$ cat target31.cif   # mmCIF, C-alpha atoms and all ligand atoms
data_query
#
loop_
_atom_site.label_atom_id
_atom_site.label_comp_id
_atom_site.auth_asym_id
_atom_site.auth_seq_id
_atom_site.Cartn_x
_atom_site.Cartn_y
_atom_site.Cartn_z
CA MET Z 18 131.26 98.14 113.02
CA THR Z 19 131.71 101.88 112.82
CA THR Z 20 129.86 104.20 115.18
CA ILE Z 21 129.00 107.50 113.54
CA ASN Z 22 129.02 110.34 116.04
CA CYS Z 23 127.33 113.32 114.50
CA GLN Z 24 126.75 116.88 115.64
CA VAL Z 25 124.29 117.62 112.83
CA THR Z 26 121.22 117.67 115.08
CA VAL Z 27 118.99 119.05 112.32
CA CYS Z 28 119.30 115.70 110.48
CA SER Z 29 116.35 113.40 110.97
CA HIS Z 30 118.70 110.39 111.33
CA ASN Z 31 120.36 111.92 114.39
CA LYS Z 32 119.48 110.66 117.86
CA SER Z 33 121.40 112.17 120.79
CA GLY Z 34 124.50 112.80 118.69
CA VAL Z 35 124.66 109.36 117.09
CA CYS Z 36 123.59 108.43 113.57
CA TYR Z 37 120.67 105.99 113.25
CA ALA Z 38 120.39 105.95 109.45
CA ASN Z 39 119.95 102.65 107.66
CA CYS Z 40 123.13 103.33 105.67
CA VAL Z 41 125.43 106.34 105.38
CA ASP Z 42 127.39 107.50 102.34
CA ILE Z 43 130.29 109.84 102.97
CA VAL Z 44 131.29 111.52 99.70
CA GLY Z 45 133.99 113.83 98.30
CA SER Z 46 136.07 111.93 95.78
CA SER Z 47 139.07 114.29 95.46
CA ALA Z 48 139.01 115.79 98.95
CA MET Z 49 142.11 117.53 100.27
CA GLU Z 50 140.59 118.81 103.54
CA ASP Z 51 137.79 117.57 105.81
CA TYR Z 52 135.48 120.31 104.55
CA ASP Z 53 135.77 118.83 101.05
CA THR Z 54 133.86 115.79 102.33
CA CYS Z 55 130.19 115.54 103.28
CA CYS Z 56 127.45 113.17 104.34
CA GLY Z 57 125.30 112.30 101.34
CA SER Z 58 122.67 110.71 103.60
CA PHE Z 59 121.72 113.94 105.40
CA LEU Z 60 117.95 114.44 105.62
CA ASN Z 61 116.77 117.81 106.79
CA LYS Z 62 114.29 117.40 109.67
CA LEU Z 63 112.36 120.40 108.42
CA HIS Z 64 111.40 118.42 105.33
CA TYR Z 65 111.20 114.82 106.45
CA ALA Z 66 110.78 114.35 110.19
CA GLU Z 67 107.04 114.59 110.21
CA LEU Z 68 106.62 112.29 107.22
CA THR Z 69 108.63 109.25 108.28
CA ASN Z 70 110.55 107.86 111.21
CA ASN Z 71 114.14 108.05 110.06
CA THR Z 72 115.89 106.59 113.09
CA LEU Z 73 116.38 102.82 113.01
CA SER Z 74 114.75 101.04 115.94
CA SER Z 75 117.21 98.15 115.67
CA GLY Z 76 120.18 100.32 116.68
CA SER Z 77 122.63 102.86 115.41
CA CYS Z 78 123.91 102.89 111.84
CA ASP Z 79 126.22 99.97 111.05
CA CYS Z 80 126.52 100.52 107.32
CA LEU Z 81 129.08 103.18 106.40
CA LYS Z 82 130.23 103.60 102.82
CA CYS Z 83 132.74 106.21 101.75
CA THR Z 84 133.95 107.33 98.34
CA VAL Z 85 136.69 109.63 99.69
CA GLU Z 86 139.61 107.77 98.14
CA THR Z 87 142.12 110.42 99.22
CA CYS Z 88 141.52 109.58 102.90
CA THR Z 89 144.11 107.37 104.57
CA PHE Z 90 141.33 105.42 106.33
CA ASN Z 91 139.54 104.45 103.12
CA ASN Z 92 139.81 100.85 101.98
CA ASN Z 93 137.84 99.90 98.86
CA ASN Z 94 135.10 102.44 99.64
CA LEU Z 95 134.82 101.33 103.27
CA CYS Z 96 136.10 103.19 106.33
CA LYS Z 97 138.69 101.44 108.51
CA LEU Z 98 137.92 103.43 111.70
CA ASP Z 99 135.81 102.13 114.60
CA ASN Z 100 134.14 105.49 114.93
CA ILE Z 101 134.00 108.70 112.96
CA GLN Z 102 132.86 112.22 113.70
CA VAL Z 103 130.54 114.06 111.32
CA SER Z 104 130.05 117.79 111.82
CA GLY Z 105 128.13 120.75 110.49
CA GLU Z 106 126.58 123.91 111.88
CA LYS Z 107 123.44 125.59 110.59
CA VAL Z 108 123.15 122.86 107.99
CA TYR Z 109 120.52 123.18 105.32
CA TYR Z 110 122.08 121.18 102.46
CA TYR Z 111 124.12 117.98 102.77
CA THR Z 112 127.14 119.79 101.31
CA GLN Z 113 127.36 121.78 104.56
CA THR Z 114 128.28 118.64 106.52
CA ALA Z 115 131.79 117.13 106.79
CA CYS Z 116 133.62 114.05 108.01
CA ASP Z 117 135.94 115.46 110.69
CA SER Z 118 137.84 112.18 110.83
CA PHE Z 119 139.20 112.66 107.29
CA LYS Z 120 142.97 112.50 107.02
CA LEU Z 121 144.73 113.12 103.72
CA GLY Z 122 146.74 110.04 102.91
CA ARG Z 123 146.92 109.31 99.20
S1 LIG T 1 124.20 114.03 108.83
FE1 LIG T 1 124.78 111.97 108.08
S2 LIG T 1 125.95 111.06 109.76
FE2 LIG T 1 124.81 112.79 110.62
S3 LIG T 1 122.90 111.87 111.43
FE3 LIG T 1 122.52 112.59 109.32
S4 LIG T 1 122.83 110.80 107.99
FE4 LIG T 1 123.81 110.39 109.98
S1 LIG T 2 137.50 108.89 108.03
FE1 LIG T 2 137.99 108.93 105.84
S2 LIG T 2 137.40 106.90 105.06
FE2 LIG T 2 136.38 107.19 107.05
S3 LIG T 2 134.36 108.04 106.51
FE3 LIG T 2 135.71 109.79 106.93
S4 LIG T 2 136.54 110.41 104.93
FE4 LIG T 2 135.68 108.33 104.73
#
$ encode --input "target31.cif" --output "structure tokens" --more "lines below"
Ligand code: SF4
Ligand code: SF4
Amino acid sequence: MTTINCQVTVCSHNKSGVCYANCVDIVGSSAMEDYDTCCGSFLNKLHYAELTNNTLSSGSCDCLKCTVETCTFNNNNLCKLDNIQVSGEKVYYYTQTACDSFKLGR
């Protein structure tokens, strides 16, 4: 199971720096650098937090999918790492996030 540490505190799935989304999709199919990747599951708190509870009560996110095939840790659209770091400052759109754990490998 992969733990997703995330500094994007404006995301409504974020609880104390850990992701509690039901499922996370990291995207960026031809990425060459970490900033070419992003979290497609980002939900801006400004829009959604007051409408629904977006943090899972059963625990942190244990469903991580990733389409970044150029990353050395990608195996059939799954991530091989035990934990990853997602980052982003002053995020408004999901494209402003990134998987910091990306490593160019293929
Ligand atoms: S930006 Fe992505 S990884 Fe971070 S809390 Fe939101 S859904 Fe989870
Ligand atoms: S480390 Fe690589 S394979 Fe894992 S989520 Fe990040 S970009 Fe995808």
$ closest_atom_pairs --input "target31.cif" --of "chain Z" --to "ligand LIG 2 (chain T)" --cutoff "6 Å" --atoms "only C-alpha atoms and all ligand atoms" --output "CSV"
residue,atom,partner,partner_atom,distance
Z:Ile43,CA,T:LIG2,S3,5.7
Z:Cys83,CA,T:LIG2,FE4,4.7
Z:Val85,CA,T:LIG2,S4,5.3
Z:Cys88,CA,T:LIG2,FE1,4.6
Z:Phe90,CA,T:LIG2,S2,4.4
Z:Asn91,CA,T:LIG2,S2,3.8
Z:Cys96,CA,T:LIG2,FE2,4.1
Z:Cys116,CA,T:LIG2,FE3,4.9
Z:Ser118,CA,T:LIG2,S1,4.3
Z:Phe119,CA,T:LIG2,FE1,4.2
$ closest_atom_pairs --input "target31.cif" --of "chain Z" --to "ligand LIG 1 (chain T)" --cutoff "6 Å" --atoms "all atoms listed in the file" --output "Markdown table"
| residue | atom | partner | partner_atom | distance |
| --- | --- | --- | --- | --- |
| Z:Cys23 | CA | T:LIG1 | FE2 | 4.7 |
| Z:Val25 | CA | T:LIG1 | FE2 | 5.3 |
| Z:Cys28 | CA | T:LIG1 | FE3 | 4.6 |
| Z:His30 | CA | T:LIG1 | S3 | 4.5 |
| Z:Asn31 | CA | T:LIG1 | S3 | 3.9 |
| Z:Cys36 | CA | T:LIG1 | FE4 | 4.1 |
| Z:Ala38 | CA | T:LIG1 | S4 | 5.6 |
| Z:Val41 | CA | T:LIG1 | S4 | 5.8 |
| Z:Cys56 | CA | T:LIG1 | FE1 | 4.7 |
| Z:Ser58 | CA | T:LIG1 | S4 | 4.4 |
| Z:Phe59 | CA | T:LIG1 | S4 | 4.2 |
| Z:Val103 | CA | T:LIG1 | S2 | 5.7 |
$ atom_distance --input "target31.cif" --atom1 "CA of Gly34 in chain Z" --atom2 "CA of Asp99 in chain Z"
16.1 Å
$ closest_residue --input "target31.cif" --among "Z:Thr19, Z:Asn61, Z:Thr84, Z:Ser29" --to "Asp42 in chain Z" --atoms "only C-alpha atoms"
Z:Thr84
$ closest_residue --input "target31.cif" --among "Z:Ser33, Z:Thr89, Z:Leu121, Z:Gly45" --to "Ser77 in chain Z" --atoms "only C-alpha atoms"
Z:Ser33
$ atom_distance --input "target31.cif" --atom1 "CA of Lys62 in chain Z" --atom2 "CA of Val27 in chain Z"
5.6 Å
$ closest_residue --input "target31.cif" --among "Z:Cys55, Z:Leu73, Z:Cys40, Z:Leu60" --to "Ser104 in chain Z" --atoms "only C-alpha atoms"
Z:Cys55
$ atom_distance --input "target31.cif" --atom1 "CA of Glu86 in chain Z" --atom2 "CA of Asn22 in chain Z"
21.0 Å
$ closest_residue --input "target31.cif" --among "Z:Asn39, Z:Asn94, Z:Thr54, Z:Ser46" --to "Ser75 in chain Z" --atoms "only C-alpha atoms"
Z:Asn39
$ closest_residue --input "target31.cif" --among "Z:Thr87, Z:Thr20, Z:Val108, Z:Ile101" --to "Met49 in chain Z" --atoms "all atoms listed in the file"
Z:Thr87
$ residues_around --input "target31.cif" --residues "Met18 in chain Z" --least-positions-apart "2" --cutoff "10 Å" --atoms "only C-alpha atoms" --output "VMD selection string"
chain Z and resid 20 to 21 78 to 81 96 to 100
$ closest_residue --input "target31.cif" --among "Z:Gln102, Z:Lys120, Z:Ser74, Z:Asn92" --to "Tyr37 in chain Z" --atoms "all atoms listed in the file"
Z:Ser74
